[in-house]
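To be precise, the following lines are input-v5.cif, and they hold mmCIF, C-alpha atoms.
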data_entry
#
loop_
_atom_site.label_atom_id
_atom_site.label_comp_id
_atom_site.auth_asym_id
_atom_site.auth_seq_id
_atom_site.Cartn_x
_atom_site.Cartn_y
_atom_site.Cartn_z
CA MET A 1 34.94 38.74 -22.25
CA ASP A 2 31.15 38.83 -22.58
CA CYS A 3 28.63 36.69 -20.70
CA THR A 4 28.18 34.14 -23.50
CA GLU A 5 31.89 33.41 -23.69
CA ALA A 6 32.29 33.53 -19.92
CA ARG A 7 29.65 30.85 -19.42
CA THR A 8 31.34 28.43 -21.81
CA HIS A 9 34.47 28.54 -19.63
CA LEU A 10 32.93 28.24 -16.15
CA LEU A 11 33.19 24.45 -16.02
CA ASP A 12 36.82 24.38 -17.15
CA ARG A 13 37.69 27.00 -14.56
CA ARG A 14 36.14 24.95 -11.77
CA ARG A 15 38.02 21.89 -13.00
CA GLY A 16 41.28 23.83 -13.01
CA ILE A 17 41.96 23.22 -16.71
CA LEU A 18 41.38 26.71 -18.09
CA ASP A 19 44.50 28.37 -19.45
CA GLU A 20 45.89 31.25 -17.47
CA ASP A 21 44.93 34.07 -19.86
CA ARG A 22 41.31 32.99 -20.14
CA ARG A 23 41.08 32.35 -16.44
CA GLY A 24 42.26 35.88 -15.72
CA ALA A 25 39.74 37.36 -18.14
CA LEU A 26 36.95 35.17 -16.78
CA GLU A 27 37.69 36.04 -13.17
CA ALA A 28 37.74 39.73 -14.04
CA HIS A 29 34.34 39.24 -15.68
CA LEU A 30 32.97 37.35 -12.69
CA ASP A 31 34.04 40.16 -10.36
CA GLU A 32 31.78 42.47 -12.32
CA CYS A 33 28.89 40.20 -13.34
CA ALA A 34 26.46 38.90 -10.72
CA GLY A 35 24.53 36.95 -13.37
CA CYS A 36 27.55 34.87 -14.35
CA ARG A 37 28.54 34.36 -10.72
CA HIS A 38 25.10 32.91 -10.14
CA GLU A 39 25.47 30.74 -13.26
CA ASP A 40 28.75 29.42 -11.88
CA THR A 41 27.25 28.57 -8.50
CA ALA A 42 24.15 26.98 -10.01
CA ASP A 43 26.19 24.96 -12.51
CA ALA A 44 28.41 23.67 -9.68
CA GLU A 45 25.23 22.64 -7.85
CA LEU A 46 24.09 20.82 -10.99
CA THR A 47 27.39 18.89 -11.03
CA ARG A 48 26.78 17.81 -7.44
CA ALA A 49 23.19 16.80 -8.19
CA LEU A 50 24.28 14.71 -11.19
CA ALA A 51 27.03 13.03 -9.15
CA ARG A 52 24.55 12.26 -6.37
CA HIS A 53 21.69 10.94 -8.43
CA LEU A 54 22.87 9.47 -11.73
CA PRO A 55 23.37 5.70 -11.70
CA ALA A 56 27.08 5.09 -11.29
CA ALA A 57 27.42 1.30 -11.29
CA GLY A 58 29.65 -0.37 -13.82
CA ALA A 59 28.68 -3.28 -16.06
CA PRO A 60 27.23 -6.37 -14.36
CA ALA A 61 29.62 -9.32 -14.08
CA SER A 62 27.35 -11.46 -16.28
CA LEU A 63 27.62 -8.94 -19.14
CA ARG A 64 31.37 -8.72 -18.72
CA SER A 65 31.91 -12.46 -18.83
CA SER A 66 29.57 -12.84 -21.79
CA LEU A 67 31.50 -10.22 -23.76
CA GLU A 68 34.84 -11.67 -22.71
CA ARG A 69 33.74 -15.06 -24.00
CA ARG A 70 32.76 -13.53 -27.33
CA TRP A 71 35.71 -11.18 -27.74
CA ILE A 72 38.61 -12.99 -26.18
CA GLY A 73 37.30 -16.56 -26.21
CA PRO A 74 37.84 -17.27 -29.93
CA THR A 75 41.56 -16.56 -29.65
CA LYS A 76 41.95 -18.89 -26.72
CA ARG A 77 39.96 -21.60 -28.46
CA ALA A 78 42.24 -21.27 -31.48
CA GLU A 79 45.27 -21.72 -29.23
CA ARG A 80 43.72 -24.80 -27.66
CA GLY A 81 43.14 -26.17 -31.16
CA VAL A 82 46.89 -26.05 -31.82
CA ASP A 83 47.52 -27.87 -28.55
CA ARG A 84 45.09 -30.62 -29.50
CA ARG A 85 46.96 -31.24 -32.75
CA ALA A 86 50.17 -31.64 -30.76
CA GLU A 87 48.47 -34.01 -28.36
CA ARG A 88 47.52 -36.35 -31.19
CA ARG A 89 51.18 -37.18 -31.78
CA PRO A 90 51.50 -40.73 -30.40
CA TRP A 91 55.02 -40.29 -29.12
CA VAL A 92 54.31 -37.30 -26.91
CA TRP A 93 52.16 -38.16 -23.90
CA GLY A 94 49.76 -40.80 -22.88
CA LEU A 95 46.20 -39.66 -22.34
CA GLY A 96 46.46 -40.01 -18.56
CA GLY A 97 49.61 -37.92 -18.47
CA ILE A 98 47.95 -35.16 -20.42
CA ALA A 99 44.93 -35.14 -18.12
CA CYS A 100 47.12 -34.97 -15.00
CA GLY A 101 49.32 -32.27 -16.49
CA ALA A 102 46.33 -30.22 -17.57
CA ALA A 103 44.67 -30.58 -14.15
CA LEU A 104 47.86 -29.51 -12.39
CA ALA A 105 48.31 -26.56 -14.76
CA MET A 106 44.71 -25.55 -14.21
CA LEU A 107 45.10 -25.68 -10.41
CA LEU A 108 48.26 -23.58 -10.60
CA ALA A 109 46.56 -21.12 -12.95
CA ILE A 110 43.54 -20.83 -10.66
CA ALA A 111 45.80 -20.29 -7.65
CA TRP A 112 47.77 -17.63 -9.51
CA ARG A 113 44.71 -15.86 -10.93
CA ALA A 114 43.05 -15.85 -7.51
CA ARG A 115 45.97 -13.89 -6.15
CA ALA A 116 46.80 -11.73 -9.16
CA PRO A 117 44.79 -8.61 -9.92
CA SER A 118 43.76 -8.11 -13.51
CA ASP A 119 46.71 -7.41 -15.79
CA ALA A 120 45.01 -4.19 -16.79
CA MET A 121 44.78 -2.96 -13.19
CA LEU A 122 48.37 -3.84 -12.35
CA GLY A 123 49.72 -2.44 -15.62
CA GLU A 124 47.76 0.77 -15.15
CA ALA A 125 49.03 1.25 -11.59
CA VAL A 126 52.67 0.94 -12.66
CA ASN A 127 52.23 3.01 -15.84
CA ASP A 128 50.47 5.79 -13.96
CA HIS A 129 53.18 5.78 -11.31
CA LEU A 130 55.81 6.08 -14.08
CA ARG A 131 53.89 9.03 -15.52
CA VAL A 132 54.08 10.71 -12.12
CA LEU A 133 57.81 9.98 -11.87
CA TYR A 134 58.59 11.41 -15.30
CA SER A 135 56.17 14.32 -15.27
CA GLU A 136 57.57 17.81 -14.97
CA HIS A 137 54.51 18.78 -12.96
CA PRO A 138 53.41 15.64 -11.12
CA VAL A 139 51.02 17.50 -8.82
CA GLU A 140 48.45 20.21 -9.46
CA VAL A 141 48.02 21.11 -5.82
CA GLU A 142 51.08 21.22 -3.62
CA GLY A 143 51.37 19.57 -0.19
CA PRO A 144 52.14 19.10 2.57
CA ASP A 145 49.04 20.77 3.98
CA THR A 146 46.33 18.13 3.75
CA HIS A 147 43.71 20.77 4.56
CA LYS A 148 44.64 22.40 1.27
CA VAL A 149 45.07 19.23 -0.77
CA LYS A 150 41.88 17.34 0.17
CA PRO A 151 39.43 20.21 -0.49
CA TRP A 152 41.11 20.79 -3.85
CA PHE A 153 39.46 17.60 -5.16
CA ALA A 154 35.94 18.88 -4.43
CA GLY A 155 34.16 19.46 -7.73
CA ARG A 156 36.91 17.76 -9.71
CA LEU A 157 35.79 14.20 -8.93
CA ASP A 158 32.39 12.62 -8.55
CA PHE A 159 33.44 11.06 -5.26
CA ALA A 160 35.26 12.17 -2.14
CA PRO A 161 38.67 10.48 -1.83
CA VAL A 162 38.73 9.01 1.66
CA MET A 163 42.04 8.60 3.47
CA ALA A 164 42.86 8.55 7.14
CA PHE A 165 46.35 9.98 6.69
CA GLY A 166 47.53 13.29 5.32
CA GLY A 167 51.30 12.89 5.53
CA ASP A 168 53.94 13.21 8.26
CA ASP A 169 57.73 13.51 8.51
CA GLU A 170 58.16 9.88 7.57
CA PHE A 171 55.86 10.01 4.54
CA PRO A 172 55.40 13.68 3.57
CA LEU A 173 52.47 14.49 1.30
CA ARG A 174 53.91 16.23 -1.76
CA GLY A 175 50.58 17.04 -3.42
CA GLY A 176 47.76 15.77 -5.57
CA SER A 177 46.17 15.85 -8.98
CA VAL A 178 43.29 14.32 -10.92
CA SER A 179 44.10 11.59 -13.41
CA TYR A 180 42.57 8.51 -14.94
CA PHE A 181 42.82 4.98 -13.63
CA LEU A 182 41.74 2.72 -16.50
CA ASP A 183 38.36 4.11 -17.57
CA ARG A 184 37.60 6.29 -14.57
CA LYS A 185 38.76 9.41 -12.86
CA ALA A 186 41.11 9.02 -9.92
CA ALA A 187 42.53 11.15 -7.16
CA THR A 188 46.30 10.90 -7.42
CA LEU A 189 48.27 11.67 -4.27
CA VAL A 190 52.03 11.75 -4.16
CA PHE A 191 53.94 10.92 -0.97
CA GLY A 192 57.66 10.91 -0.35
CA ARG A 193 59.85 8.44 1.52
CA ARG A 194 63.39 9.86 1.71
CA LEU A 195 64.27 10.17 -2.03
CA HIS A 196 61.58 7.76 -3.19
CA VAL A 197 58.22 8.69 -4.63
CA ILE A 198 55.08 6.79 -3.63
CA THR A 199 51.91 7.32 -5.64
CA LEU A 200 48.43 6.63 -4.35
CA PHE A 201 45.47 6.32 -6.72
CA ILE A 202 41.94 6.43 -5.30
CA PHE A 203 39.08 5.58 -7.61
CA ARG A 204 35.59 4.09 -7.68
CA ASN A 205 35.96 0.31 -7.59
CA GLU A 206 32.71 -0.90 -9.12
CA GLY A 207 33.10 -3.24 -12.06
CA MET A 208 36.80 -3.84 -11.45
CA ARG A 209 38.23 -7.33 -11.20
CA TRP A 210 40.00 -7.54 -7.86
CA PRO A 211 42.18 -10.45 -6.80
CA ALA A 212 40.17 -13.11 -5.00
CA VAL A 213 42.87 -13.51 -2.35
CA GLU A 214 43.33 -10.39 -0.26
CA ASP A 215 45.64 -11.58 2.51
CA THR A 216 47.88 -8.60 3.25
CA PRO A 217 46.75 -6.70 6.38
CA ILE A 218 46.45 -2.98 5.59
CA GLY A 219 45.13 -1.15 8.63
CA HIS A 220 41.57 -2.34 9.20
CA VAL A 221 41.26 -4.04 5.80
CA HIS A 222 43.08 -6.68 3.81
CA GLY A 223 44.51 -6.26 0.34
CA THR A 224 47.04 -7.68 -2.06
CA LEU A 225 50.72 -6.91 -2.44
CA VAL A 226 52.25 -7.73 -5.82
CA THR A 227 55.45 -6.84 -7.62
CA SER A 228 55.57 -5.83 -11.25
CA ARG A 229 58.42 -4.43 -13.33
CA GLY A 230 60.44 -3.70 -10.20
CA PHE A 231 57.65 -1.81 -8.41
CA HIS A 232 55.61 -2.94 -5.44
CA VAL A 233 51.88 -2.43 -5.85
CA LEU A 234 49.53 -2.55 -2.88
CA LEU A 235 45.85 -2.86 -3.78
CA TRP A 236 42.89 -2.69 -1.45
CA ARG A 237 39.31 -1.54 -1.35
CA ALA A 238 37.17 0.10 1.28
CA GLY A 239 33.51 0.86 0.74
CA ASP A 240 32.99 1.72 -2.91
CA LEU A 241 36.51 3.04 -3.35
CA GLY A 242 39.60 1.24 -4.63
CA TYR A 243 43.18 2.10 -3.69
CA ALA A 244 46.44 1.42 -5.51
CA LEU A 245 49.70 2.40 -3.82
CA VAL A 246 52.80 2.07 -6.01
CA SER A 247 56.50 2.62 -5.41
CA ASP A 248 59.96 1.13 -5.52
CA VAL A 249 60.34 1.54 -1.75
CA ASP A 250 60.70 -1.49 0.46
CA SER A 251 57.45 -3.45 0.65
CA HIS A 252 57.36 -3.03 4.47
CA ASP A 253 57.44 0.75 4.03
CA LEU A 254 54.70 0.54 1.43
CA THR A 255 52.40 -1.54 3.64
CA ALA A 256 53.16 0.78 6.58
CA LEU A 257 52.00 3.76 4.52
CA GLY A 258 49.01 1.77 3.26
CA ALA A 259 48.00 1.02 6.87
CA LYS A 260 48.16 4.71 7.75
CA ILE A 261 46.03 5.65 4.74
CA ALA A 262 43.45 2.90 5.34
CA GLY A 263 43.26 3.76 9.03
CA PRO A 264 43.28 1.51 12.09
CA MET B 1 42.10 -4.65 -29.78
CA PRO B 2 39.46 -6.80 -28.00
CA ARG B 3 41.04 -6.40 -24.58
CA ALA B 4 41.53 -2.68 -25.08
CA ALA B 5 37.87 -2.36 -26.11
CA LEU B 6 36.67 -4.23 -23.04
CA GLU B 7 38.54 -1.82 -20.77
CA HIS B 8 35.82 0.73 -21.57
CA LEU B 9 32.95 -1.59 -20.72
CA ASP B 10 31.99 0.08 -17.43
CA ALA B 11 31.97 3.56 -18.93
CA LEU B 12 29.91 2.37 -21.89
CA PHE B 13 27.46 0.63 -19.60
CA ARG B 14 27.09 3.74 -17.43
CA LEU B 15 26.29 5.88 -20.47
CA ALA B 16 23.88 3.25 -21.79
CA ARG B 17 22.17 3.01 -18.41
CA ARG B 18 21.83 6.77 -18.13
CA LEU B 19 20.50 7.07 -21.68
CA THR B 20 18.02 4.23 -21.52
CA GLY B 21 17.05 4.41 -17.85
CA ARG B 22 16.87 0.61 -17.53
CA ASP B 23 19.50 -2.02 -16.76
CA GLU B 24 18.12 -4.50 -19.29
CA ASP B 25 18.05 -1.93 -22.11
CA ALA B 26 21.53 -0.77 -21.19
CA GLU B 27 22.85 -4.35 -21.40
CA ASP B 28 21.23 -4.80 -24.81
CA LEU B 29 22.69 -1.53 -26.03
CA VAL B 30 26.18 -2.41 -24.84
CA GLN B 31 25.93 -5.89 -26.42
CA GLU B 32 24.87 -4.24 -29.66
CA THR B 33 27.75 -1.79 -29.41
CA TYR B 34 30.34 -4.53 -29.06
CA THR B 35 28.74 -6.58 -31.81
CA ARG B 36 29.01 -3.62 -34.17
CA ALA B 37 32.55 -2.89 -33.02
CA LEU B 38 33.54 -6.51 -33.60
CA ALA B 39 32.04 -6.41 -37.09
CA ALA B 40 33.84 -3.15 -37.88
CA GLN B 41 37.17 -4.18 -36.35
CA SER B 42 38.90 -4.28 -39.70
CA GLN B 43 37.94 -0.64 -40.30
CA PHE B 44 39.52 0.46 -37.05
CA ALA B 45 42.68 2.33 -37.96
CA ALA B 46 45.69 2.15 -35.66
CA GLY B 47 46.06 5.38 -33.74
CA THR B 48 42.31 6.02 -33.63
CA ASN B 49 40.98 6.85 -30.20
CA ILE B 50 39.27 3.59 -29.27
CA ARG B 51 37.23 5.13 -26.46
CA ALA B 52 35.70 7.79 -28.71
CA TRP B 53 35.17 5.17 -31.43
CA LEU B 54 33.23 2.89 -29.07
CA PHE B 55 31.14 5.73 -27.65
CA ARG B 56 30.27 6.83 -31.17
CA ILE B 57 29.14 3.30 -32.02
CA LEU B 58 27.03 3.21 -28.85
CA ARG B 59 25.45 6.56 -29.67
CA ASN B 60 24.58 5.41 -33.20
CA ALA B 61 23.19 2.13 -31.89
CA TYR B 62 21.05 4.06 -29.43
CA ILE B 63 19.72 6.34 -32.19
CA ASP B 64 18.83 3.27 -34.27
CA SER B 65 17.06 1.56 -31.38
CA TYR B 66 15.22 4.77 -30.55
CA ARG B 67 14.07 5.08 -34.15
CA ARG B 68 12.88 1.50 -34.16
CA ALA B 69 10.97 2.03 -30.94
CA ARG B 70 9.34 5.22 -32.14
CA SER B 71 9.04 4.10 -35.79
CA SER B 72 9.97 7.63 -36.72
CA PRO B 73 13.20 9.47 -37.28
CA ILE B 74 14.60 11.66 -34.55
CA GLU B 75 16.81 14.64 -34.80
CA PRO B 76 19.97 13.73 -32.96
CA GLY B 77 21.45 17.20 -33.23
CA LEU B 78 20.96 20.15 -31.01
CA THR B 79 18.25 21.29 -33.41
CA GLY B 80 20.00 24.54 -34.04
CA GLU B 81 21.03 27.39 -31.87
CA ASP B 82 17.46 27.98 -30.77
CA ALA B 83 17.23 24.60 -29.08
CA PHE B 84 17.99 26.18 -25.75
CA ASP B 85 16.93 29.59 -24.74
CA THR B 86 20.20 30.18 -23.01
CA ASP B 87 21.69 33.12 -24.80
CA ALA B 88 23.57 34.79 -21.99
CA SER B 89 22.67 38.26 -23.19
CA ALA B 90 19.00 37.35 -22.75
CA SER B 91 19.44 35.53 -19.47
CA GLU B 92 16.89 35.82 -16.73
CA PRO B 93 17.53 38.06 -13.78
CA LEU B 94 19.46 36.57 -10.92
CA ARG B 95 17.25 34.11 -9.11
CA GLY B 96 19.22 34.22 -5.91
CA ASP B 97 19.17 31.10 -3.77
CA GLU B 98 15.86 29.79 -5.08
CA GLU B 99 17.35 27.86 -7.99
CA LEU B 100 20.13 26.51 -5.80
CA GLU B 101 17.63 25.25 -3.25
CA ARG B 102 15.65 23.53 -5.99
CA LEU B 103 18.75 21.91 -7.41
CA ARG B 104 19.63 20.64 -3.96
CA SER B 105 16.20 19.11 -3.56
CA VAL B 106 16.02 17.18 -6.85
CA VAL B 107 15.86 13.40 -6.72
CA ALA B 108 17.07 10.78 -9.17
CA LYS B 109 13.80 10.54 -11.09
CA ASP B 110 13.73 14.32 -11.59
CA ILE B 111 17.15 14.14 -13.21
CA GLN B 112 16.18 11.18 -15.38
CA ALA B 113 13.03 12.99 -16.52
CA ALA B 114 14.82 16.27 -17.15
CA LEU B 115 17.56 14.52 -19.12
CA ALA B 116 14.98 12.63 -21.15
CA GLY B 117 13.45 15.95 -22.12
CA LEU B 118 16.64 17.17 -23.75
CA THR B 119 17.70 16.47 -27.31
CA LEU B 120 19.87 13.41 -27.71
CA ASP B 121 23.02 15.39 -28.36
CA ALA B 122 22.43 17.63 -25.37
CA ARG B 123 21.94 14.56 -23.17
CA THR B 124 24.94 12.82 -24.70
CA VAL B 125 27.33 15.74 -24.37
CA ILE B 126 26.45 16.15 -20.68
CA LEU B 127 26.78 12.45 -19.91
CA LEU B 128 29.97 11.94 -21.91
CA ASP B 129 31.56 14.92 -20.24
CA LEU B 130 30.82 13.29 -16.89
CA GLU B 131 32.72 10.24 -18.12
CA GLY B 132 35.76 12.47 -18.54
CA LEU B 133 35.96 12.57 -22.34
CA SER B 134 38.15 15.33 -23.71
CA GLU B 135 36.91 18.05 -26.04
CA GLY B 136 38.41 16.22 -29.01
CA GLU B 137 36.79 12.93 -28.02
CA LEU B 138 33.42 14.61 -27.51
CA ALA B 139 33.69 16.17 -30.97
CA GLU B 140 34.49 12.77 -32.44
CA VAL B 141 31.53 11.09 -30.77
CA LEU B 142 29.08 13.86 -31.60
CA GLY B 143 30.43 14.43 -35.11
CA CYS B 144 30.89 18.16 -34.60
CA ALA B 145 33.76 20.61 -34.75
CA PRO B 146 35.94 20.57 -31.59
CA GLY B 147 35.56 24.33 -31.32
CA THR B 148 31.81 24.00 -30.77
CA VAL B 149 31.98 21.42 -27.98
CA LYS B 150 32.31 23.82 -25.06
CA SER B 151 29.41 25.97 -26.15
CA ARG B 152 27.27 22.87 -26.78
CA LEU B 153 28.09 21.55 -23.35
CA SER B 154 27.42 24.87 -21.70
CA ARG B 155 24.05 25.24 -23.47
CA ALA B 156 23.09 21.66 -22.72
CA ARG B 157 23.83 22.02 -18.99
CA SER B 158 21.95 25.27 -18.90
CA ALA B 159 18.97 23.64 -20.60
CA LEU B 160 19.08 20.80 -18.09
CA ARG B 161 18.99 23.26 -15.22
CA GLU B 162 16.03 25.02 -16.80
CA ARG B 163 14.16 21.71 -16.96
CA LEU B 164 15.09 20.80 -13.43
CA ARG B 165 13.55 24.03 -12.20
CA ASP B 166 10.22 22.65 -13.36
CA TYR B 167 10.68 19.25 -11.75
CA ALA B 168 12.07 20.30 -8.41
CA ARG B 169 9.02 22.06 -7.09
#
For the structure just supplied, provide its representation as structure tokens.
Amino acid sequence: MDCTEARTHLLDRRRGILDEDRRGALEAHLDECAGCRHEDTADAELTRALARHLPAAGAPASLRSSLERRWIGPTKRAERGVDRRAERRPWVWGLGGIACGAALAMLLAIAWRARAPSDAMLGEAVNDHLRVLYSEHPVEVEGPDTHKVKPWFAGRLDFAPVMAFGGDDEFPLRGGSVSYFLDRKAATLVFGRRLHVITLFIFRNEGMRWPAVEDTPIGHVHGTLVTSRGFHVLLWRAGDLGYALVSDVDSHDLTALGAKIAGP
Amino acid sequence: MPRAALEHLDALFRLARRLTGRDEDAEDLVQETYTRALAAQSQFAAGTNIRAWLFRILRNAYIDSYRRARSSPIEPGLTGEDAFDTDASASEPLRGDEELERLRSVVAKDIQAALAGLTLDARTVILLDLEGLSEGELAEVLGCAPGTVKSRLSRARSALRERLRDYAR
């Protein structure tokens, strides 16, 4: 492998996605070539500088709601149009009944939406947990040594996954990997609870729609516990990070693990 | 498709913000992107990668706005292999810790200025890679062969470092 080829693979090697043959050839080259070793170190420093200084905020809420109105609004308006035609039937409801029914439905919808996270967030948490369950290689770095697992994420994410707990006999840490949570990279950590698997996703939370009601105590913070497709999902945020803990274990076990991860 | 398209809003906004350098311009660019996507919805074939499709629309919208602002065409490509003097065989001697120290001392405006000095494709490939796009997706957005993505990215990052050496003094 010459220097030109070696330098095209440095980034993939640091991200742990270079195939074994190329990695071997590249590492043999790096052993011999001080110039490429320097390139590797300097390029890693560039990654850190970009992560530190590039603007990282998601879209402002005003932009999101404006686009949602334009993209999703027309469908909803069309549905409401159908309802209005039904309402015109004289034998259905009186006007007062409709108004009361609509107001009640709206209150229930508001109460539900305030508690429920976005469908996308909940669906993603369960789908990603299922991917972990059915993957032949659910982790890229093996536990239970948290001192090995946590440093593994350095350079693979543009944030440091913060957690106050690295596994114990009750909830052993099986390992970690990098994945995607919706549109962003996430640290994925897999814990065990007897024969059950519990998956934790840590990701940047900016621009995400979180449930308005966060009433489940999780260590020093509060979050939301919901159930979807037979799985419990515990969601909380701390600082600029979001956390999603998913499993089919008992919800008390899940919140107990969540409290350990969030810290007292 | 609308909901699926909106799931990429934050990533699109981040790229727009990093390309334009201003929140207001980024919002305009993202609005324009979704307007174009909405208009072209019928052309969106099932199975197409929606993320790459949206990023490509954003990139084209940015090129158009840039042209309007400058009233002159720009070259969105890497302007050939000589765009970056980063041929490894002709690389400079090892600079030891000096370059690392400079990289550690850069501030946000240095990075913005250095990025702005790159060609659009060099800037785009660096920024899209940071958003986690795969090689295939990057090729789709940039309109290049997948096999050339890694070398483009490597050259672009190297060129960015070269520019940062000048800023971080």
Checklist outcome for this item: As a check of understanding: the span from CA of Phe165 in chain A to CA of Ala259 in chain A is 9.1 Å
Item to check | Resolved residues for the PyMOL selection byres ((chain A) within 9 of (chain B)) as a PyMOL selection string | outcome: chain A and resi 2-5+7-11+34-36+38-39+41-43+45-60+63-64+67-68+71-72+120+158+180+182-185+206-208
Next on the checklist: List as a list in words the protein and nucleic acid residues near Asp215 in chain A, meaning an atom at most 12 Å away when only C-alpha atoms are counted, but skip any in the same chain fewer than 2 places from it.
Outcome noted: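 In the requested format, the answer is Ala114, Arg115, Ala116, Pro211, Ala212, Val213, Pro217, Ile218, Val221, His222, Gly223, Thr224, Leu225, Val226, Leu234, Leu235 and Trp236 of chain A.
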Output file for the selection above: C-alpha atoms, as a PDB file, in the coordinates of the input:
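This is the output file again_0.pdb:
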ATOM      1  CA  ALA A 114      43.050 -15.850  -7.510  1.00  0.00           C
ATOM      2  CA  ARG A 115      45.970 -13.890  -6.150  1.00  0.00           C
ATOM      3  CA  ALA A 116      46.800 -11.730  -9.160  1.00  0.00           C
ATOM      4  CA  PRO A 211      42.180 -10.450  -6.800  1.00  0.00           C
ATOM      5  CA  ALA A 212      40.170 -13.110  -5.000  1.00  0.00           C
ATOM      6  CA  VAL A 213      42.870 -13.510  -2.350  1.00  0.00           C
ATOM      7  CA  PRO A 217      46.750  -6.700   6.380  1.00  0.00           C
ATOM      8  CA  ILE A 218      46.450  -2.980   5.590  1.00  0.00           C
ATOM      9  CA  VAL A 221      41.260  -4.040   5.800  1.00  0.00           C
ATOM     10  CA  HIS A 222      43.080  -6.680   3.810  1.00  0.00           C
ATOM     11  CA  GLY A 223      44.510  -6.260   0.340  1.00  0.00           C
ATOM     12  CA  THR A 224      47.040  -7.680  -2.060  1.00  0.00           C
ATOM     13  CA  LEU A 225      50.720  -6.910  -2.440  1.00  0.00           C
ATOM     14  CA  VAL A 226      52.250  -7.730  -5.820  1.00  0.00           C
ATOM     15  CA  LEU A 234      49.530  -2.550  -2.880  1.00  0.00           C
ATOM     16  CA  LEU A 235      45.850  -2.860  -3.780  1.00  0.00           C
ATOM     17  CA  TRP A 236      42.890  -2.690  -1.450  1.00  0.00           C
TER      18      TRP A 236
END
Checklist outcome for this item: Min atom-atom distance to Tyr62 in chain B from the set B:Ala46, B:Leu29, B:Leu128, B:Leu133, counting only C-alpha atoms, belongs to B:Leu29
Checklist entry - Which is closest to Ala154 in chain A among A:Leu195, A:Val126, A:Leu200, A:Ala44, if we use only C-alpha atoms? => result A:Ala44
Checklist entry - So which residues touch His196 in chain A within 8 Å, counting only C-alpha atoms, skipping near sequence neighbours fewer than 2 positions away, as a list in words? => result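 Here the qualifying residues turn out to be Gly192, Arg193, Arg194, Ile198, Ser247, Asp248 and Val249 of chain A.
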Would you save the residues of that selection, restricted to C-alpha atoms, as a PDB file, in the frame of the given file?
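Output saved as result04.pdb:
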ATOM      1  CA  GLY A 192      57.660  10.910  -0.350  1.00  0.00           C
ATOM      2  CA  ARG A 193      59.850   8.440   1.520  1.00  0.00           C
ATOM      3  CA  ARG A 194      63.390   9.860   1.710  1.00  0.00           C
ATOM      4  CA  ILE A 198      55.080   6.790  -3.630  1.00  0.00           C
ATOM      5  CA  SER A 247      56.500   2.620  -5.410  1.00  0.00           C
ATOM      6  CA  ASP A 248      59.960   1.130  -5.520  1.00  0.00           C
ATOM      7  CA  VAL A 249      60.340   1.540  -1.750  1.00  0.00           C
TER       8      VAL A 249
END
Next on the checklist: If we count all atoms listed in the file and set the cut-off at 12 Å, which residues sit around Glu137 in chain B, ignoring sequence neighbours fewer than 6 positions away in its own chain? Please answer as an MDAnalysis selection string.
Outcome noted: chainID B and resid 48:56 125 128:129 131 143:147 149
Checklist outcome for this item: A straight line from CA of Ala61 in chain A to CA of Ala238 in chain A spans 19.5 Å
Next on the checklist: If we draw a sphere of 7 Å around (44.8, 0.1, -10.9), which residues have at least one atom in it when counting all atoms listed in the file? Please report them as number ranges by chain.
Outcome noted: A: 121-122, 124-125, 181-182, 244
Checklist entry - Which distance in Å separates CA of Asn205 in chain A and CA of Gly16 in chain A, to one decimal? => result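 For CA of Asn205 in chain A relative to CA of Gly16 in chain A, the distance reads 24.7 Å.
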Checklist entry - Where does the PyMOL selection byres ((chain A and resi 231) around 7) land in this file, that is, which residues does it pick, as a ChimeraX atom specification? => result /A:227-230,232-233,246-248
With C-alpha atoms retained, could you export that selection as a compact mmCIF listing (two decimals), in the coordinates of the input?
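Output saved as again30.txt:
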# COMPACT_ATOMS: atom_id res chain seq x y z
CA THR A 227 55.45 -6.84 -7.62
CA SER A 228 55.57 -5.83 -11.25
CA ARG A 229 58.42 -4.43 -13.33
CA GLY A 230 60.44 -3.70 -10.20
CA HIS A 232 55.61 -2.94 -5.44
CA VAL A 233 51.88 -2.43 -5.85
CA VAL A 246 52.80 2.07 -6.01
CA SER A 247 56.50 2.62 -5.41
CA ASP A 248 59.96 1.13 -5.52
